[in-house]
file model.pdb (PDB, C-alpha atoms)
ATOM      1  CA  MET A   1       0.633 -11.597   6.034
ATOM      2  CA  ARG A   2       3.051 -13.387   8.399
ATOM      3  CA  THR A   3       5.345 -10.458   9.117
ATOM      4  CA  LYS A   4       8.475 -10.088  11.222
ATOM      5  CA  GLU A   5       6.318  -8.269  13.786
ATOM      6  CA  TRP A   6       3.766 -11.112  13.858
ATOM      7  CA  TYR A   7       6.482 -13.727  14.480
ATOM      8  CA  ALA A   8       7.995 -11.418  17.125
ATOM      9  CA  GLY A   9       4.526 -11.477  18.752
ATOM     10  CA  GLU A  10       4.174  -7.713  19.094
ATOM     11  CA  ASP A  11       0.381  -8.147  19.328
ATOM     12  CA  ILE A  12       0.527 -10.694  22.174
ATOM     13  CA  GLY A  13       3.518  -9.356  24.089
ATOM     14  CA  ARG A  14       5.846 -12.339  23.571
ATOM     15  CA  ALA A  15       7.671 -14.084  20.730
ATOM     16  CA  ARG A  16       5.638 -16.703  18.893
ATOM     17  CA  ILE A  17       8.691 -18.777  17.965
ATOM     18  CA  ARG A  18       9.715 -21.355  20.556
ATOM     19  CA  ARG A  19      12.661 -23.718  20.323
ATOM     20  CA  LEU A  20      11.917 -27.397  20.817
ATOM     21  CA  GLU A  21      15.334 -28.015  22.351
ATOM     22  CA  ALA A  22      14.550 -25.521  25.149
ATOM     23  CA  ASP A  23      12.427 -28.340  26.605
ATOM     24  CA  SER A  24      14.970 -30.590  28.331
ATOM     25  CA  THR A  25      12.749 -33.644  27.768
ATOM     26  CA  TRP A  26      12.655 -33.116  23.989
ATOM     27  CA  ASP A  27      14.476 -35.952  22.200
ATOM     28  CA  PRO A  28      13.503 -36.370  18.543
ATOM     29  CA  VAL A  29      16.028 -39.110  17.698
ATOM     30  CA  VAL A  30      14.781 -42.690  17.290
ATOM     31  CA  LYS A  31      17.486 -44.871  18.861
ATOM     32  CA  ASP A  32      16.171 -48.220  17.646
ATOM     33  CA  PRO A  33      14.513 -48.047  14.193
ATOM     34  CA  THR A  34      13.184 -51.609  14.635
ATOM     35  CA  ASN A  35      11.210 -50.552  17.725
ATOM     36  CA  ILE A  36       7.795 -49.463  16.437
ATOM     37  CA  ASP A  37       6.718 -48.221  19.875
ATOM     38  CA  GLU A  38       9.657 -45.823  20.058
ATOM     39  CA  MET A  39       9.089 -44.663  16.483
ATOM     40  CA  VAL A  40       5.384 -44.004  17.090
ATOM     41  CA  GLU A  41       6.107 -42.227  20.386
ATOM     42  CA  LYS A  42       8.624 -39.884  18.701
ATOM     43  CA  LYS A  43       6.313 -39.256  15.752
ATOM     44  CA  THR A  44       3.383 -38.539  18.074
ATOM     45  CA  ARG A  45       5.350 -35.917  20.002
ATOM     46  CA  ALA A  46       6.517 -34.354  16.740
ATOM     47  CA  LEU A  47       2.946 -34.332  15.412
ATOM     48  CA  ARG A  48       1.671 -32.668  18.578
ATOM     49  CA  ALA A  49       4.338 -29.946  18.332
ATOM     50  CA  SER A  50       3.550 -29.396  14.639
ATOM     51  CA  TYR A  51      -0.069 -28.520  15.467
ATOM     52  CA  GLU A  52       0.948 -25.484  17.511
ATOM     53  CA  MET A  53      -0.013 -22.908  14.906
ATOM     54  CA  GLN A  54      -1.220 -19.653  16.411
ATOM     55  CA  ASP A  55       0.540 -18.145  19.416
ATOM     56  CA  SER A  56       3.335 -20.706  19.736
ATOM     57  CA  LEU A  57       5.319 -21.945  16.755
ATOM     58  CA  ALA A  58       7.871 -24.681  17.374
ATOM     59  CA  VAL A  59      11.215 -24.695  15.530
ATOM     60  CA  GLY A  60      14.065 -27.194  15.751
ATOM     61  CA  VAL A  61      14.470 -30.879  14.966
ATOM     62  CA  PHE A  62      11.073 -32.627  15.101
ATOM     63  CA  TYR A  63      12.126 -36.162  14.182
ATOM     64  CA  SER A  64      15.206 -38.110  13.170
ATOM     65  CA  VAL A  65      15.800 -41.770  12.416
ATOM     66  CA  ASP A  66      18.615 -43.670  10.758
ATOM     67  CA  LEU A  67      17.243 -45.923   8.009
ATOM     68  CA  PRO A  68      18.868 -47.375   4.865
ATOM     69  CA  THR A  69      18.920 -44.861   2.035
ATOM     70  CA  TYR A  70      17.629 -45.500  -1.463
ATOM     71  CA  ASP A  71      21.192 -45.122  -2.787
ATOM     72  CA  GLU A  72      22.506 -47.777  -0.374
ATOM     73  CA  GLN A  73      19.758 -50.224  -1.242
ATOM     74  CA  LEU A  74      20.273 -49.641  -4.947
ATOM     75  CA  ALA A  75      24.001 -50.345  -4.552
ATOM     76  CA  ILE A  76      23.155 -53.753  -3.059
ATOM     77  CA  LYS A  77      21.241 -54.614  -6.231
ATOM     78  CA  VAL A  78      23.800 -52.972  -8.538
ATOM     79  CA  PRO A  79      27.212 -53.568  -6.881
ATOM     80  CA  ALA A  80      29.053 -51.511  -9.525
ATOM     81  CA  LEU A  81      27.515 -48.402  -7.945
ATOM     82  CA  LYS A  82      29.673 -48.972  -4.849
ATOM     83  CA  GLU A  83      32.792 -48.548  -6.981
ATOM     84  CA  HIS A  84      31.705 -45.731  -9.283
ATOM     85  CA  PRO A  85      28.833 -43.256  -9.474
ATOM     86  CA  LEU A  86      26.421 -44.005 -12.312
ATOM     87  CA  VAL A  87      27.684 -40.939 -14.161
ATOM     88  CA  ASP A  88      31.158 -42.549 -14.477
ATOM     89  CA  LEU A  89      29.933 -45.837 -15.928
ATOM     90  CA  PRO A  90      30.334 -46.262 -19.690
ATOM     91  CA  LEU A  91      26.622 -46.517 -20.467
ATOM     92  CA  TYR A  92      26.974 -45.659 -24.128
ATOM     93  CA  GLN A  93      29.548 -48.350 -24.834
ATOM     94  CA  ARG A  94      27.270 -51.178 -23.779
ATOM     95  CA  ASP A  95      26.776 -53.868 -26.421
ATOM     96  CA  VAL A  96      23.077 -54.702 -26.470
ATOM     97  CA  ALA A  97      23.307 -57.039 -29.486
ATOM     98  CA  PRO A  98      23.122 -60.224 -27.316
ATOM     99  CA  LEU A  99      19.884 -58.938 -25.772
ATOM    100  CA  PHE A 100      18.324 -58.460 -29.192
ATOM    101  CA  SER A 101      19.538 -61.919 -30.263
ATOM    102  CA  GLU A 102      17.913 -63.428 -27.190
ATOM    103  CA  LEU A 103      14.573 -61.837 -28.082
ATOM    104  CA  ALA A 104      14.806 -62.606 -31.799
TER
ATOM    105  CA  MET B   1      29.433 -36.310   4.670
ATOM    106  CA  PRO B   2      33.164 -37.069   4.301
ATOM    107  CA  GLU B   3      33.940 -33.474   3.361
ATOM    108  CA  ALA B   4      32.680 -32.099   6.656
ATOM    109  CA  THR B   5      35.304 -30.796   9.047
ATOM    110  CA  ALA B   6      35.075 -29.457  12.586
ATOM    111  CA  ALA B   7      34.072 -25.805  12.811
ATOM    112  CA  ALA B   8      37.433 -24.882  14.362
ATOM    113  CA  ALA B   9      39.587 -26.541  11.668
ATOM    114  CA  PRO B  10      41.379 -24.364   9.082
ATOM    115  CA  LYS B  11      39.054 -23.544   6.191
ATOM    116  CA  LYS B  12      40.083 -24.462   2.663
ATOM    117  CA  PHE B  13      37.111 -22.677   1.115
ATOM    118  CA  VAL B  14      36.106 -19.146   2.078
ATOM    119  CA  LEU B  15      32.492 -18.020   2.462
ATOM    120  CA  GLN B  16      32.726 -15.863  -0.655
ATOM    121  CA  GLN B  17      33.245 -18.986  -2.778
ATOM    122  CA  TYR B  18      29.660 -20.008  -2.048
ATOM    123  CA  LYS B  19      28.289 -16.704  -3.383
ATOM    124  CA  THR B  20      27.788 -15.617  -6.985
ATOM    125  CA  GLU B  21      27.963 -12.077  -8.343
ATOM    126  CA  VAL B  22      24.374 -12.237  -9.593
ATOM    127  CA  HIS B  23      22.254  -9.380  -8.207
ATOM    128  CA  VAL B  24      19.796 -10.708  -5.604
ATOM    129  CA  ASP B  25      16.477  -9.226  -6.702
ATOM    130  CA  TRP B  26      14.106 -10.362  -3.960
ATOM    131  CA  CYS B  27      11.915  -7.632  -2.407
ATOM    132  CA  PRO B  28      13.406  -5.510   0.398
ATOM    133  CA  GLY B  29      12.511  -7.184   3.702
ATOM    134  CA  CYS B  30      12.107 -10.647   2.157
ATOM    135  CA  GLY B  31      12.858 -13.556   4.499
ATOM    136  CA  ASP B  32      14.626 -15.327   1.620
ATOM    137  CA  PHE B  33      17.739 -13.248   2.329
ATOM    138  CA  GLY B  34      18.064 -14.929   5.741
ATOM    139  CA  ILE B  35      17.599 -18.381   4.207
ATOM    140  CA  LEU B  36      20.113 -17.754   1.389
ATOM    141  CA  SER B  37      22.698 -16.490   3.854
ATOM    142  CA  SER B  38      22.065 -19.491   6.122
ATOM    143  CA  ILE B  39      22.515 -22.003   3.264
ATOM    144  CA  GLN B  40      25.780 -20.331   2.206
ATOM    145  CA  GLN B  41      27.082 -20.277   5.779
ATOM    146  CA  ALA B  42      26.098 -23.914   6.343
ATOM    147  CA  LEU B  43      27.913 -25.062   3.180
ATOM    148  CA  TYR B  44      30.931 -23.007   4.242
ATOM    149  CA  GLN B  45      30.877 -24.482   7.753
ATOM    150  CA  LEU B  46      30.733 -27.980   6.341
ATOM    151  CA  GLN B  47      33.525 -27.083   3.860
ATOM    152  CA  ILE B  48      31.871 -29.016   1.072
ATOM    153  CA  PRO B  49      33.740 -28.165  -2.161
ATOM    154  CA  PRO B  50      31.406 -25.992  -4.278
ATOM    155  CA  TYR B  51      32.025 -28.280  -7.256
ATOM    156  CA  LYS B  52      30.582 -31.194  -5.261
ATOM    157  CA  ILE B  53      27.256 -29.470  -4.529
ATOM    158  CA  ALA B  54      24.096 -29.385  -6.659
ATOM    159  CA  MET B  55      21.397 -26.856  -5.748
ATOM    160  CA  ILE B  56      18.065 -27.699  -7.389
ATOM    161  CA  SER B  57      15.028 -25.394  -7.334
ATOM    162  CA  GLY B  58      11.456 -25.230  -8.603
ATOM    163  CA  ILE B  59       9.512 -22.124  -9.590
ATOM    164  CA  GLY B  60       8.769 -19.087  -7.455
ATOM    165  CA  CYS B  61      10.877 -16.526  -5.623
ATOM    166  CA  SER B  62      12.770 -19.369  -3.911
ATOM    167  CA  GLY B  63      13.532 -20.775  -7.383
ATOM    168  CA  LYS B  64      16.192 -18.125  -7.822
ATOM    169  CA  THR B  65      18.282 -19.497  -4.949
ATOM    170  CA  PRO B  66      20.673 -21.547  -7.146
ATOM    171  CA  HIS B  67      21.435 -18.344  -9.104
ATOM    172  CA  TYR B  68      23.019 -16.904  -5.970
ATOM    173  CA  ILE B  69      25.039 -19.887  -4.731
ATOM    174  CA  ASP B  70      28.229 -20.647  -6.652
ATOM    175  CA  THR B  71      27.795 -24.394  -7.051
ATOM    176  CA  TYR B  72      26.233 -26.600  -9.695
ATOM    177  CA  GLY B  73      22.569 -25.719  -9.929
ATOM    178  CA  LEU B  74      19.359 -26.260 -11.831
ATOM    179  CA  HIS B  75      16.290 -24.014 -11.838
ATOM    180  CA  THR B  76      13.699 -26.564 -12.917
ATOM    181  CA  LEU B  77       9.943 -26.717 -13.498
ATOM    182  CA  HIS B  78       7.181 -25.821 -11.047
ATOM    183  CA  GLY B  79       7.018 -28.437  -8.288
ATOM    184  CA  ARG B  80       9.746 -30.569  -9.856
ATOM    185  CA  ALA B  81      12.779 -29.785  -7.695
ATOM    186  CA  LEU B  82      12.574 -33.119  -5.845
ATOM    187  CA  PRO B  83      12.473 -35.507  -8.833
ATOM    188  CA  VAL B  84      15.328 -33.619 -10.513
ATOM    189  CA  ALA B  85      17.320 -33.655  -7.262
ATOM    190  CA  THR B  86      16.646 -37.395  -6.944
ATOM    191  CA  GLY B  87      17.957 -37.935 -10.475
ATOM    192  CA  ALA B  88      21.064 -35.852  -9.800
ATOM    193  CA  LYS B  89      21.886 -37.822  -6.642
ATOM    194  CA  LEU B  90      21.296 -41.210  -8.255
ATOM    195  CA  ALA B  91      23.417 -40.257 -11.268
ATOM    196  CA  ASN B  92      26.251 -38.968  -9.110
ATOM    197  CA  ASN B  93      26.189 -40.120  -5.508
ATOM    198  CA  GLN B  94      29.359 -38.112  -4.828
ATOM    199  CA  LEU B  95      27.333 -34.890  -4.912
ATOM    200  CA  THR B  96      25.764 -33.137  -1.941
ATOM    201  CA  VAL B  97      22.283 -32.445  -3.307
ATOM    202  CA  VAL B  98      20.088 -29.707  -1.861
ATOM    203  CA  ALA B  99      16.619 -29.063  -3.296
ATOM    204  CA  VAL B 100      14.898 -25.779  -2.469
ATOM    205  CA  GLY B 101      11.410 -24.498  -3.156
ATOM    206  CA  GLY B 102       8.433 -22.612  -1.819
ATOM    207  CA  ASP B 103       5.340 -23.928  -0.072
ATOM    208  CA  GLY B 104       3.236 -23.542  -3.221
ATOM    209  CA  ASP B 105       5.898 -25.310  -5.276
ATOM    210  CA  GLY B 106       6.400 -28.157  -2.781
ATOM    211  CA  TYR B 107       3.037 -28.724  -1.086
ATOM    212  CA  GLY B 108       0.807 -27.672  -4.000
ATOM    213  CA  ILE B 109       2.207 -28.282  -7.475
ATOM    214  CA  GLY B 110       4.814 -30.787  -6.236
ATOM    215  CA  ALA B 111       2.735 -32.464  -3.514
ATOM    216  CA  GLY B 112       2.981 -35.932  -5.081
ATOM    217  CA  TYR B 113       6.762 -35.660  -5.306
ATOM    218  CA  PHE B 114       6.902 -34.391  -1.730
ATOM    219  CA  VAL B 115       5.114 -37.483  -0.409
ATOM    220  CA  ASN B 116       7.022 -40.010  -2.502
ATOM    221  CA  SER B 117      10.436 -38.494  -1.800
ATOM    222  CA  GLY B 118       9.753 -39.104   1.893
ATOM    223  CA  ARG B 119       9.337 -42.849   1.495
ATOM    224  CA  ARG B 120      12.295 -43.127  -0.921
ATOM    225  CA  ASN B 121      14.979 -41.757   1.437
ATOM    226  CA  VAL B 122      17.563 -40.707  -1.159
ATOM    227  CA  ASP B 123      20.519 -39.077   0.634
ATOM    228  CA  MET B 124      19.676 -35.406  -0.016
ATOM    229  CA  THR B 125      18.132 -32.332   1.616
ATOM    230  CA  TYR B 126      14.898 -30.490   0.859
ATOM    231  CA  ILE B 127      14.463 -26.936   2.134
ATOM    232  CA  VAL B 128      11.070 -25.223   1.846
ATOM    233  CA  PHE B 129      10.605 -21.451   2.091
ATOM    234  CA  ASN B 130       7.153 -21.440   3.675
ATOM    235  CA  ASN B 131       5.228 -18.139   3.750
ATOM    236  CA  GLY B 132       1.631 -19.124   2.992
ATOM    237  CA  VAL B 133       1.423 -17.212  -0.282
ATOM    238  CA  TYR B 134       2.460 -17.342  -3.928
ATOM    239  CA  GLY B 135       4.636 -14.245  -3.521
ATOM    240  CA  LEU B 136       6.052 -14.017  -7.050
ATOM    241  CA  THR B 137       2.561 -13.668  -8.522
ATOM    242  CA  LYS B 138       1.563 -11.162  -5.826
ATOM    243  CA  GLY B 139       0.047 -13.126  -3.012
ATOM    244  CA  GLN B 140      -2.487 -15.779  -3.968
ATOM    245  CA  ALA B 141      -3.228 -18.263  -1.168
ATOM    246  CA  SER B 142      -0.814 -21.194  -1.023
ATOM    247  CA  PRO B 143      -1.551 -24.614   0.555
ATOM    248  CA  THR B 144      -0.171 -23.541   3.937
ATOM    249  CA  LEU B 145      -2.272 -20.377   4.281
ATOM    250  CA  ALA B 146      -4.179 -20.773   7.560
ATOM    251  CA  LYS B 147      -7.967 -20.664   7.609
ATOM    252  CA  GLY B 148      -9.280 -17.167   8.283
ATOM    253  CA  LEU B 149      -6.322 -15.336   6.737
ATOM    254  CA  LYS B 150      -6.745 -13.024   3.763
ATOM    255  CA  THR B 151      -3.926 -12.044   1.434
ATOM    256  CA  LYS B 152      -3.845  -8.836  -0.621
ATOM    257  CA  SER B 153      -5.024 -10.657  -3.733
ATOM    258  CA  MET B 154      -7.992 -12.443  -2.090
ATOM    259  CA  PRO B 155     -11.453 -10.867  -1.951
ATOM    260  CA  GLU B 156     -12.355 -12.849   1.183
ATOM    261  CA  ALA B 157     -10.467 -14.679   3.947
ATOM    262  CA  SER B 158      -9.593 -18.323   3.310
ATOM    263  CA  ILE B 159     -12.273 -20.858   4.275
ATOM    264  CA  GLN B 160      -9.857 -23.799   3.813
ATOM    265  CA  GLU B 161      -7.521 -25.254   6.427
ATOM    266  CA  GLY B 162      -3.784 -24.926   5.773
ATOM    267  CA  VAL B 163      -1.662 -28.006   5.131
ATOM    268  CA  ASN B 164       0.575 -29.049   8.045
ATOM    269  CA  PRO B 165       3.909 -29.833   6.310
ATOM    270  CA  ILE B 166       5.507 -31.481   9.353
ATOM    271  CA  ALA B 167       2.535 -33.825   9.782
ATOM    272  CA  LEU B 168       2.618 -34.640   6.067
ATOM    273  CA  ALA B 169       6.360 -35.357   6.231
ATOM    274  CA  LEU B 170       5.909 -37.639   9.270
ATOM    275  CA  GLY B 171       3.333 -39.659   7.359
ATOM    276  CA  ALA B 172       5.401 -39.734   4.177
ATOM    277  CA  GLY B 173       8.384 -41.247   5.996
ATOM    278  CA  TYR B 174      11.036 -38.534   5.926
ATOM    279  CA  THR B 175      13.936 -39.636   8.128
ATOM    280  CA  TRP B 176      14.899 -36.146   9.333
ATOM    281  CA  ILE B 177      12.288 -33.432   9.846
ATOM    282  CA  GLY B 178      12.985 -29.926  11.079
ATOM    283  CA  ARG B 179      11.669 -26.409  11.027
ATOM    284  CA  GLY B 180      13.414 -23.059  11.260
ATOM    285  CA  TYR B 181      12.703 -19.350  11.088
ATOM    286  CA  ALA B 182      14.186 -17.274   8.256
ATOM    287  CA  LEU B 183      15.143 -14.346  10.471
ATOM    288  CA  ASP B 184      16.958 -16.446  13.086
ATOM    289  CA  VAL B 185      20.014 -17.115  10.943
ATOM    290  CA  LYS B 186      22.212 -18.550  13.698
ATOM    291  CA  ASN B 187      19.713 -21.276  14.532
ATOM    292  CA  LEU B 188      18.885 -21.816  10.864
ATOM    293  CA  VAL B 189      22.544 -22.415   9.940
ATOM    294  CA  SER B 190      22.714 -25.064  12.652
ATOM    295  CA  LEU B 191      19.542 -26.752  11.358
ATOM    296  CA  ILE B 192      20.772 -26.732   7.734
ATOM    297  CA  VAL B 193      24.110 -28.241   8.807
ATOM    298  CA  GLN B 194      22.236 -31.020  10.636
ATOM    299  CA  ALA B 195      19.911 -31.563   7.668
ATOM    300  CA  ILE B 196      22.765 -31.863   5.152
ATOM    301  CA  THR B 197      24.795 -34.091   7.477
ATOM    302  CA  HIS B 198      21.861 -36.479   7.992
ATOM    303  CA  LYS B 199      22.100 -39.703   5.976
ATOM    304  CA  GLY B 200      18.834 -39.963   4.031
ATOM    305  CA  THR B 201      16.285 -37.390   2.910
ATOM    306  CA  SER B 202      16.152 -34.494   5.334
ATOM    307  CA  PHE B 203      13.248 -32.057   5.171
ATOM    308  CA  LEU B 204      13.501 -28.541   6.588
ATOM    309  CA  ASP B 205      10.426 -26.311   6.541
ATOM    310  CA  ILE B 206      11.256 -22.648   7.162
ATOM    311  CA  PHE B 207       8.854 -19.946   8.347
ATOM    312  CA  GLN B 208       9.556 -17.140   5.892
ATOM    313  CA  THR B 209       8.345 -13.562   6.042
ATOM    314  CA  CYS B 210       6.956 -12.314   2.712
ATOM    315  CA  PRO B 211       6.504  -8.563   2.218
ATOM    316  CA  VAL B 212       3.943  -9.068  -0.591
TER
END
call {"tool": "encode", "arguments": {"input": "model.pdb", "output": "structure tokens"}}
result
Amino acid sequence: MRTKEWYAGEDIGRARIRRLEADSTWDPVVKDPTNIDEMVEKKTRALRASYEMQDSLAVGVFYSVDLPTYDEQLAIKVPALKEHPLVDLPLYQRDVAPLFSELA
Amino acid sequence: MPEATAAAAPKKFVLQQYKTEVHVDWCPGCGDFGILSSIQQALYQLQIPPYKIAMISGIGCSGKTPHYIDTYGLHTLHGRALPVATGAKLANNQLTVVAVGGDGDGYGIGAGYFVNSGRRNVDMTYIVFNNGVYGLTKGQASPTLAKGLKTKSMPEASIQEGVNPIALALGAGYTWIGRGYALDVKNLVSLIVQAITHKGTSFLDIFQTCPV
């Protein structure tokens, strides 16, 4: 199917793989995550590169942005997670009797 | 990535410590060998202690990857590498979690998980071995098989368009998106290092050559 020879472009006389970073204007990193124009511009360029599918196949970093992780946001809601991973918390020693009393 | 050290610094862990003694039984000429070697070299470069790594896989040829890397690992259900990896990271945020799978596993059976993992942004890495076929079952068309291509197990060429994984990942909200080529190990190691170092869910699609 997609063989080593196909990627090497033996049928078209040149390699199909091209590196995004070989283009000096390529910059996939969003500097300001609050700037929707910058985000959309970077995503649009990445999308365009991703649709090269036949005789030119782009490899490299398409897009990068620094946003809060799920783990970080969870730790804001559950501060104990900042001190210990969940796996270290004594889940099985929790006394749930007061909860049952409350619902009784 | 507090465990990461500069490439030139003395190495506490040697490359061999990221390899198991399990026989690698992929087909001769399989692109997976390049990806496996690249993952091992990236983990070695980053000097992440093997006991602080969890490799999670789905089903397919790529599913065997955790068998060959001497870290914690789980070979899970078809398409379910991402939810298990998410659970592992949330249970123990001290782990470096790397999920691996094929294009059928990730963009077909696990497509819902693929989309929702993008918007969640758990700090982990997802690596997809993308070859356009279900290789383990001898070459049925996978979601990324391009229109007009015919595998050995198809009576006619595909009349469906292939999924564009990068476009899907951009829409889903992945915060780091990259693509590599299985037989360019040097570049692939660099991409895997960047993916693992990224804070948030990083997604690396890899063009993989399948001899089936």
call {"tool": "residues_around", "arguments": {"input": "model.pdb", "residues": "B:Ser153", "least_positions_apart": "3", "cutoff": "10 Å", "atoms": "only C-alpha atoms", "output": "list of chain:residue names"}}
result
B:Val133, B:Thr137, B:Lys138, B:Gly139, B:Gln140, B:Ala141, B:Lys150, B:Glu156, B:Val212
call {"tool": "write_last_selection", "arguments": {"input": "model.pdb", "atoms": "C-alpha atoms", "output": "PDB file, keeping the file's coordinate frame"}}
result
ATOM      1  CA  VAL B 133       1.423 -17.212  -0.282  1.00  0.00           C
ATOM      2  CA  THR B 137       2.561 -13.668  -8.522  1.00  0.00           C
ATOM      3  CA  LYS B 138       1.563 -11.162  -5.826  1.00  0.00           C
ATOM      4  CA  GLY B 139       0.047 -13.126  -3.012  1.00  0.00           C
ATOM      5  CA  GLN B 140      -2.487 -15.779  -3.968  1.00  0.00           C
ATOM      6  CA  ALA B 141      -3.228 -18.263  -1.168  1.00  0.00           C
ATOM      7  CA  LYS B 150      -6.745 -13.024   3.763  1.00  0.00           C
ATOM      8  CA  GLU B 156     -12.355 -12.849   1.183  1.00  0.00           C
ATOM      9  CA  VAL B 212       3.943  -9.068  -0.591  1.00  0.00           C
TER      10      VAL B 212
END
call {"tool": "atom_distance", "arguments": {"input": "model.pdb", "atom1": "atom CA of A:Gly60", "atom2": "atom CA of B:Gly178"}}
result
5.5 Å
call {"tool": "resolve_selection", "arguments": {"input": "model.pdb", "expression": "the PyMOL selection byres ((chain A) within 9 of (chain B))", "output": "PyMOL selection string"}}
result
chain A and resi 1-4+7+17+29+43+46-48+50-51+53+58-72+81+84-88
call {"tool": "resolve_selection", "arguments": {"input": "model.pdb", "expression": "the PyMOL selection byres ((chain B and resi 78) around 6)", "output": "tab-separated table (two decimals) with C-alpha atoms, in the coordinates of the input"}}
result
chain	number	residue	atom	x	y	z
B	58	GLY	CA	11.46	-25.23	-8.60
B	59	ILE	CA	9.51	-22.12	-9.59
B	77	LEU	CA	9.94	-26.72	-13.50
B	79	GLY	CA	7.02	-28.44	-8.29
B	80	ARG	CA	9.75	-30.57	-9.86
B	105	ASP	CA	5.90	-25.31	-5.28
call {"tool": "residues_around", "arguments": {"input": "model.pdb", "residues": "B:Ala99", "least_positions_apart": "5", "cutoff": "8 Å", "atoms": "only C-alpha atoms", "output": "JSON, numbers by chain"}}
result
{"B": [55, 56, 57, 81, 82, 85, 124, 125, 126, 127]}
call {"tool": "atom_distance", "arguments": {"input": "model.pdb", "atom1": "atom CA of B:Val189", "atom2": "atom CA of B:Tyr113"}}
result
25.6 Å
call {"tool": "build_atoms", "arguments": {"input": "model.pdb", "residues": "stretch 192-206 of chain B", "atoms": "N, CA and C atoms", "output": "tab-separated table (two decimals), in the frame of the given file"}}
result
chain	number	residue	atom	x	y	z
B	192	ILE	N	20.40	-26.33	9.10
B	192	ILE	CA	20.77	-26.73	7.73
B	192	ILE	C	22.00	-27.65	7.77
B	193	VAL	N	22.94	-27.36	8.66
B	193	VAL	CA	24.11	-28.24	8.81
B	193	VAL	C	23.64	-29.64	9.22
B	194	GLN	N	22.74	-29.71	10.19
B	194	GLN	CA	22.24	-31.02	10.64
B	194	GLN	C	21.48	-31.73	9.52
B	195	ALA	N	20.70	-30.97	8.76
B	195	ALA	CA	19.91	-31.56	7.67
B	195	ALA	C	20.84	-32.14	6.59
B	196	ILE	N	21.85	-31.39	6.21
B	196	ILE	CA	22.76	-31.86	5.15
B	196	ILE	C	23.59	-33.05	5.65
B	197	THR	N	23.96	-33.02	6.92
B	197	THR	CA	24.80	-34.09	7.48
B	197	THR	C	24.01	-35.40	7.65
B	198	HIS	N	22.68	-35.28	7.80
B	198	HIS	CA	21.86	-36.48	7.99
B	198	HIS	C	21.96	-37.40	6.78
B	199	LYS	N	22.05	-38.70	7.05
B	199	LYS	CA	22.10	-39.70	5.98
B	199	LYS	C	20.66	-40.11	5.63
B	200	GLY	N	20.22	-39.72	4.42
B	200	GLY	CA	18.83	-39.96	4.03
B	200	GLY	C	18.21	-38.63	3.64
B	201	THR	N	16.92	-38.64	3.31
B	201	THR	CA	16.28	-37.39	2.91
B	201	THR	C	15.91	-36.58	4.14
B	202	SER	N	16.49	-35.40	4.24
B	202	SER	CA	16.15	-34.49	5.33
B	202	SER	C	15.24	-33.41	4.79
B	203	PHE	N	14.24	-33.05	5.59
B	203	PHE	CA	13.25	-32.06	5.17
B	203	PHE	C	13.22	-30.92	6.19
B	204	LEU	N	13.49	-29.71	5.70
B	204	LEU	CA	13.50	-28.54	6.59
B	204	LEU	C	12.49	-27.51	6.08
B	205	ASP	N	11.44	-27.32	6.84
B	205	ASP	CA	10.43	-26.31	6.54
B	205	ASP	C	10.86	-25.02	7.26
B	206	ILE	N	10.79	-23.90	6.55
B	206	ILE	CA	11.26	-22.65	7.16
B	206	ILE	C	10.15	-21.60	7.12
